[in-house]
file coords-v4.cif (mmCIF, C-alpha atoms and all ligand atoms)
data_target
#
loop_
_atom_site.label_atom_id
_atom_site.label_comp_id
_atom_site.auth_asym_id
_atom_site.auth_seq_id
_atom_site.Cartn_x
_atom_site.Cartn_y
_atom_site.Cartn_z
CA MET A 1370 109.66 44.49 75.22
CA VAL A 1371 112.98 43.92 73.48
CA PHE A 1372 113.40 40.67 71.53
CA PRO A 1373 116.05 39.22 69.22
CA THR A 1374 115.67 38.57 65.50
CA GLU A 1375 118.14 37.38 62.87
CA THR A 1376 118.68 40.96 61.65
CA VAL A 1377 118.83 43.20 64.74
CA TYR A 1378 117.01 43.33 68.10
CA GLY A 1379 113.51 44.81 68.00
CA LEU A 1380 111.40 46.74 70.53
CA GLY A 1381 107.95 45.20 70.28
CA ALA A 1382 104.40 45.94 71.36
CA ASP A 1383 100.96 44.57 70.46
CA ALA A 1384 100.31 46.18 67.06
CA PHE A 1385 96.62 46.57 67.93
CA ASP A 1386 97.29 48.40 71.21
CA ALA A 1387 97.79 52.05 70.21
CA GLU A 1388 98.88 53.07 73.70
CA ALA A 1389 101.57 50.37 73.86
CA VAL A 1390 102.77 51.41 70.39
CA GLN A 1391 102.93 55.01 71.57
CA GLY A 1392 105.26 53.71 74.31
CA ILE A 1393 107.67 52.46 71.62
CA PHE A 1394 107.88 55.91 70.03
CA ALA A 1395 108.45 57.46 73.47
CA ALA A 1396 111.12 54.95 74.57
CA LYS A 1397 113.08 55.38 71.35
CA GLU A 1398 112.36 59.12 71.00
CA ARG A 1399 111.35 58.19 67.49
CA PRO A 1400 109.74 60.77 65.18
CA ALA A 1401 106.02 60.03 64.83
CA ASP A 1402 106.24 60.15 61.02
CA ASN A 1403 108.41 57.02 60.85
CA PRO A 1404 106.22 53.88 60.48
CA LEU A 1405 106.89 50.61 62.34
CA ILE A 1406 107.23 47.14 60.84
CA VAL A 1407 104.58 44.64 61.99
CA HIS A 1408 106.04 41.23 62.82
CA VAL A 1409 103.99 38.07 62.41
CA ALA A 1410 104.58 34.49 63.59
CA ALA A 1411 103.19 32.87 60.42
CA PRO A 1412 102.31 33.88 56.84
CA GLU A 1413 98.59 33.37 57.50
CA HIS A 1414 98.68 36.26 59.96
CA ILE A 1415 99.64 38.75 57.24
CA GLU A 1416 96.04 39.25 56.25
CA GLY A 1417 95.23 40.33 59.80
CA VAL A 1418 97.08 43.57 59.13
CA ALA A 1419 97.18 43.84 55.30
CA ARG A 1420 94.11 44.33 53.11
CA SER A 1421 95.55 42.35 50.23
CA VAL A 1422 98.71 40.58 49.11
CA PRO A 1423 99.45 41.21 45.42
CA PRO A 1424 100.73 38.19 43.42
CA ALA A 1425 104.37 39.35 43.35
CA ALA A 1426 104.29 39.88 47.12
CA GLN A 1427 102.71 36.46 47.54
CA ARG A 1428 105.66 34.94 45.71
CA LEU A 1429 108.12 36.79 47.94
CA VAL A 1430 106.28 35.40 50.96
CA GLU A 1431 106.71 31.89 49.55
CA TYR A 1432 110.40 32.40 48.85
CA PHE A 1433 111.61 34.55 51.71
CA PHE A 1434 109.28 34.21 54.71
CA PRO A 1435 110.49 33.59 57.32
CA GLY A 1436 113.51 35.82 56.74
CA PRO A 1437 115.02 39.31 56.64
CA LEU A 1438 112.47 40.82 54.25
CA THR A 1439 109.71 43.38 54.93
CA LEU A 1440 106.85 43.73 52.48
CA VAL A 1441 104.96 47.02 52.27
CA LEU A 1442 101.32 46.16 51.59
CA PRO A 1443 97.95 47.96 51.73
CA ARG A 1444 97.03 48.45 55.40
CA ARG A 1445 93.90 47.13 57.06
CA ALA A 1446 91.87 49.96 58.60
CA ALA A 1447 91.62 48.05 61.91
CA LEU A 1448 95.35 48.46 62.49
CA PRO A 1449 95.91 51.60 64.62
CA SER A 1450 97.24 54.36 62.37
CA ILE A 1451 100.02 55.23 64.83
CA VAL A 1452 101.76 51.98 63.78
CA THR A 1453 102.10 53.09 60.17
CA ALA A 1454 102.52 56.82 60.83
CA GLU A 1455 99.14 57.47 59.19
CA LEU A 1456 100.20 55.80 55.91
CA ASP A 1457 97.66 53.60 54.15
CA THR A 1458 100.30 50.89 53.83
CA VAL A 1459 101.89 48.56 56.36
CA GLY A 1460 105.31 46.89 56.43
CA VAL A 1461 105.05 43.21 57.37
CA ARG A 1462 107.83 40.79 58.22
CA MET A 1463 108.13 37.26 59.56
CA PRO A 1464 111.53 36.75 61.26
CA ARG A 1465 113.41 33.49 60.77
CA MET A 1466 115.21 33.19 64.09
CA PRO A 1467 113.60 30.41 66.18
CA LEU A 1468 113.61 32.44 69.43
CA ALA A 1469 111.93 35.37 67.63
CA ARG A 1470 109.30 33.05 66.21
CA GLN A 1471 108.63 31.49 69.62
CA PHE A 1472 108.28 34.96 71.10
CA LEU A 1473 105.89 36.09 68.35
CA ALA A 1474 103.82 32.90 68.59
CA ALA A 1475 103.52 33.40 72.37
CA CYS A 1476 102.32 37.00 71.83
CA ARG A 1477 99.27 35.71 69.90
CA THR A 1478 99.04 39.05 68.10
CA PRO A 1479 101.06 40.85 65.43
CA VAL A 1480 103.92 42.77 67.03
CA ALA A 1481 104.86 46.28 65.91
CA ALA A 1482 108.62 46.66 66.33
CA PRO A 1483 111.33 49.01 65.20
CA SER A 1484 114.99 48.32 65.92
CA ALA A 1485 115.63 48.51 69.68
CA ASN A 1486 117.99 51.50 69.66
CA ARG A 1487 117.48 55.14 70.60
CA SER A 1488 116.47 56.95 67.45
CA GLY A 1489 119.49 57.86 65.32
CA ARG A 1490 121.86 55.42 67.04
CA PRO A 1491 123.31 52.24 65.52
CA SER A 1492 120.84 49.34 65.53
CA PRO A 1493 121.42 46.86 68.37
CA THR A 1494 122.85 43.52 67.31
CA THR A 1495 123.14 42.27 70.90
CA TRP A 1496 120.85 42.49 73.92
CA GLU A 1497 123.59 44.44 75.66
CA ALA A 1498 123.39 47.16 72.98
CA ALA A 1499 119.60 47.37 73.40
CA HIS A 1500 120.13 47.56 77.17
CA GLU A 1501 122.65 50.38 76.72
CA ASP A 1502 120.10 52.47 74.80
CA LEU A 1503 116.81 51.52 76.47
CA ASP A 1504 117.48 50.44 80.07
CA GLY A 1505 114.80 51.96 82.29
CA ARG A 1506 112.60 52.75 79.27
CA VAL A 1507 111.33 49.24 78.49
CA GLU A 1508 109.64 46.54 80.54
CA ALA A 1509 111.88 43.63 79.59
CA ILE A 1510 114.71 42.47 77.39
CA LEU A 1511 114.70 38.93 76.01
CA GLN A 1512 118.38 38.00 76.15
CA GLY A 1513 119.19 36.06 73.00
CA PRO A 1514 122.43 35.53 71.09
CA PRO A 1515 124.05 38.21 68.88
CA ALA A 1516 122.09 38.81 65.67
CA GLU A 1517 123.08 36.55 62.81
CA ALA A 1518 122.84 39.15 60.00
CA GLY A 1519 123.55 42.37 61.91
CA LEU A 1520 121.87 44.43 59.15
CA GLU A 1521 118.14 45.16 59.05
CA SER A 1522 115.60 43.58 56.73
CA THR A 1523 115.20 44.67 53.12
CA VAL A 1524 112.02 46.77 52.74
CA VAL A 1525 110.12 46.25 49.47
CA ASP A 1526 107.13 48.35 48.40
CA CYS A 1527 104.63 45.96 46.82
CA THR A 1528 101.79 48.49 46.48
CA ARG A 1529 102.72 50.00 43.12
CA ASP A 1530 101.49 48.25 39.99
CA GLU A 1531 104.36 48.75 37.62
CA ALA A 1532 107.25 47.35 39.67
CA LEU A 1533 108.49 46.40 43.12
CA HIS A 1534 110.50 49.19 44.70
CA ILE A 1535 113.18 48.51 47.27
CA LEU A 1536 112.81 51.23 49.90
CA ARG A 1537 115.68 50.05 52.09
CA ALA A 1538 118.52 47.73 51.08
CA GLY A 1539 118.97 45.02 53.68
CA ALA A 1540 119.90 41.47 54.50
CA THR A 1541 117.91 40.00 51.58
CA THR A 1542 119.83 40.96 48.44
CA LEU A 1543 118.42 42.46 45.25
CA GLU A 1544 119.98 39.54 43.38
CA ALA A 1545 118.06 37.02 45.52
CA LEU A 1546 114.78 38.92 44.99
CA ARG A 1547 115.37 38.95 41.22
CA THR A 1548 116.02 35.20 41.21
CA ALA A 1549 112.66 34.64 42.87
CA LEU A 1550 110.84 37.01 40.49
CA PRO A 1551 112.65 36.91 37.14
CA ASP A 1552 109.70 38.45 35.29
CA THR A 1553 109.03 41.31 37.68
CA ARG A 1554 110.79 44.65 37.52
CA ILE A 1555 112.51 45.30 40.84
CA VAL A 1556 113.80 48.82 41.31
CA PRO A 1557 116.77 49.17 43.68
CA PRO A 1558 117.03 52.21 45.93
CA ASP A 1559 118.85 55.10 44.29
CA PRO A 1560 121.28 56.48 46.87
CA THR A 1561 121.32 59.89 45.15
CA SER A 1562 117.54 60.25 44.84
CA THR A 1563 115.20 61.74 47.43
CA GLU A 1564 112.19 59.82 46.15
CA GLY A 1565 112.85 56.85 48.41
CA SER A 1566 112.68 59.09 51.44
CA VAL A 1567 109.18 60.17 50.48
CA ARG A 1568 107.94 56.60 50.18
CA SER A 1569 109.86 55.31 53.20
CA PRO A 1570 109.84 58.05 55.80
CA GLY A 1571 112.40 56.30 57.97
CA THR A 1572 115.18 56.79 55.45
CA ARG A 1573 114.82 60.57 55.82
CA HIS A 1574 115.95 60.68 59.42
CA ARG A 1575 119.41 60.72 60.93
CA HIS A 1576 120.58 57.14 61.19
CA TYR A 1577 122.98 54.55 62.50
CA ALA A 1578 125.37 57.13 63.89
CA PRO A 1579 127.92 56.42 66.59
CA ALA A 1580 129.38 59.37 68.47
CA ALA A 1581 132.64 58.94 66.55
CA ARG A 1582 132.98 60.36 63.06
CA VAL A 1583 132.51 57.66 60.41
CA VAL A 1584 134.68 58.02 57.30
CA MET A 1585 134.54 55.69 54.33
CA VAL A 1586 137.94 54.78 52.94
CA ASP A 1587 138.80 52.99 49.71
CA GLY A 1588 141.85 51.13 50.72
CA PRO A 1589 143.93 50.11 53.69
CA ALA A 1590 146.61 52.73 52.95
CA GLU A 1591 144.28 55.76 53.02
CA ALA A 1592 142.89 55.01 56.47
CA ALA A 1593 145.97 55.85 58.52
CA THR A 1594 145.86 59.53 57.58
CA THR A 1595 142.09 59.98 57.70
CA GLY A 1596 140.43 61.92 60.50
CA ARG A 1597 141.67 62.50 64.02
CA ALA A 1598 143.10 59.89 66.35
CA PRO A 1599 142.21 57.81 68.21
CA ARG A 1600 141.03 55.88 65.14
CA ALA A 1601 139.24 52.60 64.61
CA TYR A 1602 139.39 50.57 61.41
CA LEU A 1603 136.83 48.16 59.98
CA GLY A 1604 137.11 46.46 56.60
CA LEU A 1605 137.78 43.41 54.49
CA GLN A 1606 141.53 44.02 54.32
CA GLY A 1607 143.78 45.03 57.20
CA PRO A 1608 145.05 48.64 57.29
CA ALA A 1609 148.52 49.30 55.86
CA HIS A 1610 149.60 51.04 59.09
CA PRO A 1611 148.04 49.17 62.00
CA GLU A 1612 149.92 51.35 64.49
CA ALA A 1613 147.63 54.26 63.52
CA PHE A 1614 144.60 52.51 65.03
CA LEU A 1615 143.38 51.86 68.52
CA LEU A 1616 140.91 49.25 67.30
CA ILE A 1617 141.08 47.10 64.16
CA ARG A 1618 138.54 44.60 62.87
CA VAL A 1619 139.23 42.74 59.64
CA CYS A 1620 136.28 40.72 58.35
CA PRO A 1621 136.75 37.63 56.18
CA ASP A 1622 133.71 38.38 53.99
CA LEU A 1623 130.70 40.67 53.49
CA GLU A 1624 128.50 38.62 55.81
CA ALA A 1625 130.99 39.03 58.64
CA TYR A 1626 131.33 42.75 57.82
CA GLY A 1627 127.56 43.18 58.03
CA ARG A 1628 127.41 41.26 61.30
CA ALA A 1629 130.22 43.36 62.80
CA LEU A 1630 129.25 46.85 61.61
CA PHE A 1631 126.87 48.20 64.26
CA ALA A 1632 128.58 46.39 67.15
CA PHE A 1633 131.91 47.83 66.02
CA PHE A 1634 130.45 51.35 65.98
CA ARG A 1635 129.46 50.94 69.61
CA GLU A 1636 132.80 49.34 70.52
CA ALA A 1637 134.69 52.24 68.95
CA ASP A 1638 132.57 54.71 70.93
CA ALA A 1639 133.20 52.80 74.15
CA ALA A 1640 136.95 52.88 73.46
CA GLY A 1641 136.81 56.65 72.96
CA CYS A 1642 137.68 56.63 69.26
CA HIS A 1643 137.27 59.91 67.42
CA THR A 1644 137.27 58.51 63.88
CA ILE A 1645 135.98 55.22 62.49
CA CYS A 1646 137.50 54.36 59.11
CA ALA A 1647 135.25 51.88 57.33
CA GLN A 1648 136.38 50.33 54.08
CA ARG A 1649 134.07 50.78 51.09
CA VAL A 1650 132.75 47.64 49.40
CA ASP A 1651 131.19 47.00 45.98
CA ASP A 1652 127.58 48.12 45.67
CA ALA A 1653 126.37 44.57 44.92
CA GLY A 1654 124.82 41.74 46.91
CA LEU A 1655 125.00 42.39 50.63
CA GLY A 1656 127.38 45.24 49.76
CA ARG A 1657 124.36 47.41 48.88
CA ALA A 1658 123.01 47.28 52.42
CA LEU A 1659 126.46 47.76 53.91
CA MET A 1660 127.19 50.78 51.73
CA ASP A 1661 123.77 52.25 52.51
CA ARG A 1662 124.41 52.03 56.27
CA LEU A 1663 127.95 53.41 55.89
CA ARG A 1664 126.71 56.33 53.79
CA ARG A 1665 124.04 57.24 56.30
CA ALA A 1666 126.35 56.82 59.28
CA SER A 1667 128.98 59.04 57.67
CA GLU A 1668 126.49 61.66 56.45
CA SER A 1669 124.80 61.93 59.80
CA THR A 1670 127.94 62.46 61.81
CA ALA A 1671 127.37 65.50 64.00
CA PRO A 1672 129.30 68.45 62.51
CA SER A 1673 130.45 69.58 65.95
CA LEU A 1674 132.56 66.46 66.22
CA ASP A 1675 134.52 67.60 63.17
CA ALA A 1676 135.59 70.82 64.76
CA PRO A 1677 139.08 70.80 66.23
CA SER A 1678 139.03 70.90 70.01
O1 LIG A 1701 115.23 43.95 60.39
C1 LIG A 1701 114.38 44.81 60.65
O2 LIG A 1701 113.63 45.28 59.80
C2 LIG A 1701 114.28 45.26 62.12
C3 LIG A 1701 113.80 44.08 62.96
C4 LIG A 1701 113.53 44.46 64.39
O3 LIG A 1701 112.68 43.51 62.36
N1 LIG A 1701 113.38 46.36 62.24
C5 LIG A 1701 113.70 47.61 61.79
O4 LIG A 1701 112.73 48.55 62.03
O5 LIG A 1701 114.75 47.87 61.22
P1 LIG A 1701 112.99 50.12 61.90
O6 LIG A 1701 111.77 50.73 62.45
O7 LIG A 1701 114.26 50.46 62.52
O8 LIG A 1701 113.03 50.36 60.36
C6 LIG A 1701 111.84 50.18 59.59
C7 LIG A 1701 111.98 50.80 58.24
C8 LIG A 1701 111.97 52.30 58.30
O9 LIG A 1701 112.87 52.81 57.33
C9 LIG A 1701 110.52 52.62 57.94
O10 LIG A 1701 110.36 53.91 57.38
C10 LIG A 1701 110.21 51.52 56.95
O11 LIG A 1701 110.87 50.38 57.45
N2 LIG A 1701 108.76 51.25 56.88
C11 LIG A 1701 107.99 50.65 57.82
N3 LIG A 1701 106.69 50.63 57.43
C12 LIG A 1701 106.64 51.24 56.22
C13 LIG A 1701 105.59 51.56 55.30
N4 LIG A 1701 104.32 51.26 55.55
N5 LIG A 1701 105.91 52.21 54.16
C14 LIG A 1701 107.20 52.53 53.89
N6 LIG A 1701 108.24 52.26 54.72
C15 LIG A 1701 107.96 51.63 55.87
MG MG A 1702 115.89 51.44 63.02
#
call {"tool": "encode", "arguments": {"input": "coords-v4.cif", "output": "C-alpha cells"}}
result
Amino acid sequence: MVFPTETVYGLGADAFDAEAVQGIFAAKERPADNPLIVHVAAPEHIEGVARSVPPAAQRLVEYFFPGPLTLVLPRRAALPSIVTAELDTVGVRMPRMPLARQFLAACRTPVAAPSANRSGRPSPTTWEAAHEDLDGRVEAILQGPPAEAGLESTVVDCTRDEALHILRAGATTLEALRTALPDTRIVPPDPTSTEGSVRSPGTRHRHYAPAARVVMVDGPAEAATTGRAPRAYLGLQGPAHPEAFLLIRVCPDLEAYGRALFAFFREADAAGCHTICAQRVDDAGLGRALMDRLRRASESTAPSLDAPS
C-alpha cells in the first residue's frame, strides 16, 4: 500500500513476503534489477535485515535516523532476494515523518518500498500524485500531507572498507554527513562517472521524467527563448520575460525548490506544457540532489518530444 514519508510517498509491502514484493515491481512496472529500500520503524529493527552495521554506519544511524538517509549494508540471507535485486547488500531507512512511523510500527515487519510512482515518472510528493500513477494497481493509499522534503533520501554505501560512497544525492546533504563523520572519507557521487550506476542499479534507469521536455537554464533571461511553448518556469529567481510562460513558480530557497520540483513537473504536464525550464543551482548542499534530479529528468526526456510536430 502507498504511504507518506518526509521525502516522497512510498509503495510498501512486507519485506519478508516475496510475493507481495513482486506485486510492487508489477504495479510500478519496475525493472527487476533495481533494488528496494527496506523501511524500519526503529533502529533496533535494522539487524533483522542487515547482517552487520559497520561503525561508521552506526554513527550515521545515531545522527540521522529517523530521517531522509538510506544506508546500504550487508544483507541478511533471510531477506527475500527479490527485495535487493539479488544483491548481497540491503538499503535500510527509518523515516522521520510521524505518520510514516506509525504506519511502519503498525506493520510489525520491515517494509520494502520504492517511491510510489510508475517507473521512470517523477516521484510522488502528494497522495494525489501516487493515485494518478497507481490507481487500480494498489490496495490502498494512506492519504497524508504533501511530503516535507520532496526529494528522496540520500543513499550511502557503507559496505566498502576504505570510505563511504554516496550512491544517490538526496535530502541529507554531504555537508551534514561530513559533520557527523569528520574522520571518515565520504565520496560524493560523480555525475560524469558510470561507476555509481554499477553500485546502485537504480541510477542507471530512466528517471523522474515528466512528459514535457525539461531544460536546465542558467538565468532568468535565457528561459524565455528555450524550447517550444507552452513553457513552464521553475527557479529561485523569476524569469525576465514572464509573458513567455504559461506556468511560473519562483521558490524562496533550495528547500522550497526541492519540495516543489516533482509536483511542478506533474503540474506542467497537466497544463499541457511542452517545455519546463528549470533554473540551475550550485552543486552544494541540497543543490546536489536538486541538480542530480534535474540532470536525470532532462537527460531522460523522450527524443520524440523534441521533434517538431
Ligand atoms: O526517500 C526515499 O528513499 C524513498 C522513500 C519512499 O523512502 N524511496 C525511494 O526508493 O526513493 P526508490 O526505489 O525510488 O529508490 C531507491 C534507490 C534506487 O536508486 C536503488 O537502486 C537504491 O536506492 N538502492 C536500494 N537498495 C540498494 C542496494 N542494496 N544497493 C545499492 N543501491 C540500492
Ligand atoms: Mg524512485
call {"tool": "residues_near_ligand", "arguments": {"input": "coords-v4.cif", "ligand": "ligand MG 1702 (chain A)", "cutoff": "8 Å", "atoms": "only C-alpha atoms and all ligand atoms", "output": "compact mmCIF listing (two decimals) with C-alpha atoms, in the frame of the given file"}}
result
# COMPACT_ATOMS: atom_id res chain seq x y z
CA PRO A 1483 111.33 49.01 65.20
CA SER A 1484 114.99 48.32 65.92
CA ALA A 1485 115.63 48.51 69.68
CA ASN A 1486 117.99 51.50 69.66
CA SER A 1488 116.47 56.95 67.45
CA GLY A 1489 119.49 57.86 65.32
CA PRO A 1491 123.31 52.24 65.52
CA SER A 1492 120.84 49.34 65.53
CA GLU A 1521 118.14 45.16 59.05
CA GLY A 1571 112.40 56.30 57.97
CA HIS A 1576 120.58 57.14 61.19
CA TYR A 1577 122.98 54.55 62.50
call {"tool": "residues_around", "arguments": {"input": "coords-v4.cif", "residues": "segment 1629-1636 of chain A", "least_positions_apart": "2", "cutoff": "7 Å", "atoms": "all atoms listed in the file", "output": "list in words"}}
result
Pro1491, Ser1492, Pro1493, Thr1494, Gly1519, Pro1579, Ala1625, Tyr1626, Gly1627, Asp1638, Ala1639 and Ala1640 of chain A
call {"tool": "residues_near_ligand", "arguments": {"input": "coords-v4.cif", "ligand": "ligand LIG 1701 (chain A)", "cutoff": "8 Å", "atoms": "all atoms listed in the file", "output": "PyMOL selection string"}}
result
chain A and resi 1373-1380+1403-1408+1437-1439+1441-1442+1444+1453-1454+1456-1462+1464+1482-1485+1492+1520-1524+1526+1536-1537+1539-1540+1568-1572
call {"tool": "closest_residue", "arguments": {"input": "coords-v4.cif", "among": "A:Pro1608, A:Ala1538, A:Phe1433, A:Pro1400", "to": "Asp1652 of chain A", "atoms": "only C-alpha atoms"}}
result
A:Ala1538
call {"tool": "residues_around", "arguments": {"input": "coords-v4.cif", "residues": "Ala1387 of chain A", "least_positions_apart": "3", "cutoff": "8 Å", "atoms": "all atoms listed in the file", "output": "number ranges by chain"}}
result
A: 1384, 1390-1391, 1449, 1451-1452
call {"tool": "decode", "arguments": {"input": "coords-v4.cif", "residues": "segment 1375-1403 of chain A", "atoms": "C-alpha atoms", "output": "short mmCIF file (atom, residue, chain, number, x, y, z; two decimals), in the first residue's frame"}}
result
data_model
loop_
_atom_site.label_atom_id
_atom_site.label_comp_id
_atom_site.auth_asym_id
_atom_site.auth_seq_id
_atom_site.Cartn_x
_atom_site.Cartn_y
_atom_site.Cartn_z
CA GLU A 1375 9.06 13.09 4.68
CA THR A 1376 10.85 12.59 1.34
CA VAL A 1377 8.29 11.21 -1.13
CA TYR A 1378 5.38 8.74 -0.95
CA GLY A 1379 6.38 5.07 -0.93
CA LEU A 1380 4.67 1.88 -2.18
CA GLY A 1381 5.20 -0.64 0.60
CA ALA A 1382 4.92 -4.37 1.17
CA ASP A 1383 6.11 -6.79 3.86
CA ALA A 1384 9.81 -7.16 3.04
CA PHE A 1385 9.69 -10.84 4.01
CA ASP A 1386 6.77 -11.65 1.69
CA ALA A 1387 8.36 -12.25 -1.72
CA GLU A 1388 5.01 -12.43 -3.49
CA ALA A 1389 3.87 -9.08 -2.08
CA VAL A 1390 7.21 -7.55 -3.09
CA GLN A 1391 6.75 -8.96 -6.58
CA GLY A 1392 3.46 -7.03 -6.61
CA ILE A 1393 5.39 -3.77 -6.09
CA PHE A 1394 7.57 -4.43 -9.14
CA ALA A 1395 4.45 -5.27 -11.18
CA ALA A 1396 2.45 -2.21 -10.05
CA LYS A 1397 5.30 0.16 -10.83
CA GLU A 1398 6.50 -1.73 -13.92
CA ARG A 1399 9.87 -1.50 -12.26
CA PRO A 1400 12.89 -3.33 -13.73
CA ALA A 1401 13.72 -6.36 -11.57
CA ASP A 1402 17.38 -5.32 -11.31
CA ASN A 1403 16.55 -2.21 -9.27
#
